[in-house]
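Working notes for the structure below.
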Amino acid sequence: MNAFRHGLAAVSINTTTGTADDNASTDDSSANAMYQRLRQIEVERLKVLTDVHNLSASHDLDKLHTAVRRLAALERYSQRPHSKLKTYIL
């Protein structure tokens, strides 16, 4: 729900069973989807990190606090696809 609210909700991946070729294709597309998900989160993370850097020089601590909380949320969002991608690689 929070990922949806922040615009980072992942699209579910349909992993239907079929022939061996279909399963290999599904695994490749799943790994690709997780890689793309990590890439999307990293792009958002860089945007927020830039905001944190810019806000650190200002005196607006409320906006800085909000940006740091968003940065922490993005880190949490990246943990799940990263670990799933790791299981596909290993």
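Ordered as shown in the structure tokens, chains take letters A, B, and onward, while each chain numbers its residues from 1 and ligands are numbered from 1 in the order shown.
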
When you look at Met34 in chain A with a cut-off of 8 Å (counting only C-alpha atoms), what residues show up, excluding the ones that are within fewer than 4 positions of it in the same chain? I need them as a PDB file with N, CA and C atoms, in the first residue's frame.
ATOM      1  N   SER A  30      10.976 -12.714 -15.456  1.00  0.00           N
ATOM      2  CA  SER A  30      10.861 -12.370 -14.044  1.00  0.00           C
ATOM      3  C   SER A  30      12.132 -11.692 -13.556  1.00  0.00           C
ATOM      4  N   LEU A  38      14.355  -2.729  -9.652  1.00  0.00           N
ATOM      5  CA  LEU A  38      15.485  -2.173  -8.910  1.00  0.00           C
ATOM      6  C   LEU A  38      15.998  -0.891  -9.563  1.00  0.00           C
ATOM      7  N   PRO A  81      13.051  -6.929  -4.077  1.00  0.00           N
ATOM      8  CA  PRO A  81      13.463  -7.340  -5.426  1.00  0.00           C
ATOM      9  C   PRO A  81      14.943  -7.718  -5.511  1.00  0.00           C
ATOM     10  N   HIS A  82      15.772  -7.095  -4.681  1.00  0.00           N
ATOM     11  CA  HIS A  82      17.190  -7.436  -4.688  1.00  0.00           C
ATOM     12  C   HIS A  82      17.400  -8.870  -4.234  1.00  0.00           C
ATOM     13  N   LYS A  84      15.169 -11.297  -4.301  1.00  0.00           N
ATOM     14  CA  LYS A  84      14.582 -12.192  -5.305  1.00  0.00           C
ATOM     15  C   LYS A  84      15.492 -12.338  -6.513  1.00  0.00           C
ATOM     16  N   LEU A  85      16.097 -11.248  -6.937  1.00  0.00           N
ATOM     17  CA  LEU A  85      17.001 -11.300  -8.060  1.00  0.00           C
ATOM     18  C   LEU A  85      18.235 -12.144  -7.715  1.00  0.00           C
TER      19      LEU A  85
END

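Counting only C-alpha atoms, Leu46 in chain A has the following residues at most 12 Å away, ignoring those fewer than 6 positions along the same chain: A:Arg39, A:Gln40, A:Val52, A:His53, A:Ala67, A:Arg70, A:Leu71, A:Leu74, A:Glu75.
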
What does the file look like for those residues with N, CA and C atoms, as an mmCIF file, in the first residue's frame?
data_model
loop_
_atom_site.group_PDB
_atom_site.id
_atom_site.type_symbol
_atom_site.label_atom_id
_atom_site.label_comp_id
_atom_site.auth_asym_id
_atom_site.auth_seq_id
_atom_site.Cartn_x
_atom_site.Cartn_y
_atom_site.Cartn_z
ATOM 1 N N ARG A 39 16.009 -0.881 -10.869
ATOM 2 C CA ARG A 39 16.454 0.305 -11.595
ATOM 3 C C ARG A 39 15.514 1.484 -11.339
ATOM 4 N N GLN A 40 14.209 1.231 -11.342
ATOM 5 C CA GLN A 40 13.222 2.281 -11.074
ATOM 6 C C GLN A 40 13.410 2.841 -9.664
ATOM 7 N N VAL A 52 17.767 15.606 -0.610
ATOM 8 C CA VAL A 52 18.349 15.628 0.742
ATOM 9 C C VAL A 52 19.594 16.504 0.752
ATOM 10 N N HIS A 53 20.422 16.349 -0.264
ATOM 11 C CA HIS A 53 21.633 17.175 -0.338
ATOM 12 C C HIS A 53 21.288 18.666 -0.415
ATOM 13 N N ALA A 67 12.211 14.063 3.363
ATOM 14 C CA ALA A 67 13.061 13.504 2.308
ATOM 15 C C ALA A 67 13.886 12.327 2.833
ATOM 16 N N ARG A 70 11.654 9.330 3.128
ATOM 17 C CA ARG A 70 11.403 8.753 1.795
ATOM 18 C C ARG A 70 12.621 7.953 1.319
ATOM 19 N N LEU A 71 13.801 8.450 1.605
ATOM 20 C CA LEU A 71 15.023 7.737 1.252
ATOM 21 C C LEU A 71 15.092 6.392 1.978
ATOM 22 N N LEU A 74 12.617 3.999 0.336
ATOM 23 C CA LEU A 74 13.132 3.467 -0.922
ATOM 24 C C LEU A 74 14.149 2.362 -0.679
ATOM 25 N N GLU A 75 14.941 2.497 0.357
ATOM 26 C CA GLU A 75 15.888 1.440 0.707
ATOM 27 C C GLU A 75 15.155 0.157 1.082
#

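The spacing separating CA of Val43 in chain A from CA of His59 in chain A amounts to 26.0 Å.
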
If we count only C-alpha atoms and set the cut-off at 12 Å, which residues sit around Ala72 in chain A, ignoring sequence neighbours fewer than 6 positions away in its own chain? Please answer as a VMD selection string. chain A and resid 41 44 to 45 48 to 49 52 65 to 66 78 to 79

For those residues, write all heavy atoms to a file as a CSV table (one decimal), in the first residue's frame.
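Contents of the output file selection01.csv:
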chain,number,residue,atom,x,y,z
A,41,ILE,N,13.6,2.0,-8.7
A,41,ILE,CA,13.8,2.4,-7.3
A,41,ILE,C,15.1,3.2,-7.2
A,41,ILE,O,15.1,4.2,-6.5
A,41,ILE,CB,13.8,1.2,-6.4
A,41,ILE,CG1,12.4,0.6,-6.3
A,41,ILE,CG2,14.2,1.6,-5.0
A,41,ILE,CD1,12.3,-0.8,-5.6
A,44,GLU,N,14.6,6.8,-8.5
A,44,GLU,CA,13.9,7.5,-7.5
A,44,GLU,C,14.8,7.9,-6.3
A,44,GLU,O,14.7,9.0,-5.7
A,44,GLU,CB,12.6,6.8,-7.0
A,44,GLU,CG,11.5,6.8,-8.0
A,44,GLU,CD,11.0,8.1,-8.4
A,44,GLU,OE1,10.8,9.0,-7.5
A,44,GLU,OE2,10.8,8.4,-9.6
A,45,ARG,N,15.6,6.9,-5.9
A,45,ARG,CA,16.5,7.1,-4.8
A,45,ARG,C,17.5,8.2,-5.1
A,45,ARG,O,17.8,9.0,-4.2
A,45,ARG,CB,17.2,5.8,-4.5
A,45,ARG,CG,18.0,5.8,-3.3
A,45,ARG,CD,18.6,4.4,-3.0
A,45,ARG,NE,19.6,4.4,-2.0
A,45,ARG,CZ,20.9,4.7,-2.3
A,45,ARG,NH1,21.3,4.8,-3.5
A,45,ARG,NH2,21.8,4.7,-1.3
A,48,VAL,N,15.7,11.6,-4.7
A,48,VAL,CA,15.5,11.9,-3.3
A,48,VAL,C,16.9,12.3,-2.6
A,48,VAL,O,16.9,13.2,-1.8
A,48,VAL,CB,14.8,10.8,-2.5
A,48,VAL,CG1,14.7,11.1,-1.0
A,48,VAL,CG2,13.4,10.6,-3.1
A,49,LEU,N,17.9,11.6,-3.0
A,49,LEU,CA,19.2,11.9,-2.4
A,49,LEU,C,19.7,13.3,-2.8
A,49,LEU,O,20.3,14.0,-2.0
A,49,LEU,CB,20.2,10.8,-2.9
A,49,LEU,CG,21.6,10.8,-2.2
A,49,LEU,CD1,21.3,10.5,-0.7
A,49,LEU,CD2,22.4,9.7,-2.7
A,52,VAL,N,17.8,15.6,-0.6
A,52,VAL,CA,18.3,15.6,0.7
A,52,VAL,C,19.6,16.5,0.8
A,52,VAL,O,19.8,17.3,1.7
A,52,VAL,CB,18.7,14.2,1.2
A,52,VAL,CG1,19.5,14.2,2.5
A,52,VAL,CG2,17.4,13.4,1.5
A,65,HIS,N,13.5,16.2,6.9
A,65,HIS,CA,13.0,15.0,7.6
A,65,HIS,C,12.1,14.1,6.7
A,65,HIS,O,12.3,12.9,6.6
A,65,HIS,CB,12.2,15.4,8.8
A,65,HIS,CG,11.7,14.2,9.6
A,65,HIS,ND1,12.6,13.3,10.3
A,65,HIS,CD2,10.5,13.7,9.8
A,65,HIS,CE1,11.8,12.4,10.8
A,65,HIS,NE2,10.6,12.6,10.6
A,66,THR,N,11.2,14.8,5.9
A,66,THR,CA,10.4,14.0,5.0
A,66,THR,C,11.2,13.4,3.9
A,66,THR,O,11.0,12.2,3.5
A,66,THR,CB,9.4,15.0,4.3
A,66,THR,OG1,8.6,15.6,5.4
A,66,THR,CG2,8.4,14.3,3.4
A,78,SER,N,13.7,-1.6,-2.0
A,78,SER,CA,14.7,-2.2,-2.8
A,78,SER,C,15.2,-3.6,-2.3
A,78,SER,O,15.7,-4.4,-3.0
A,78,SER,CB,15.9,-1.3,-3.1
A,78,SER,OG,16.6,-1.2,-1.9
A,79,GLN,N,14.9,-3.8,-1.0
A,79,GLN,CA,15.4,-5.1,-0.4
A,79,GLN,C,14.8,-6.3,-1.0
A,79,GLN,O,15.4,-7.3,-1.3
A,79,GLN,CB,15.2,-5.0,1.1
A,79,GLN,CG,16.2,-4.1,1.8
A,79,GLN,CD,15.9,-4.0,3.3
A,79,GLN,OE1,14.9,-4.5,3.8
A,79,GLN,NE2,16.7,-3.2,3.9

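Atom pair CA of Glu42 in chain A / CA of Tyr77 in chain A: separated by 10.1 Å.
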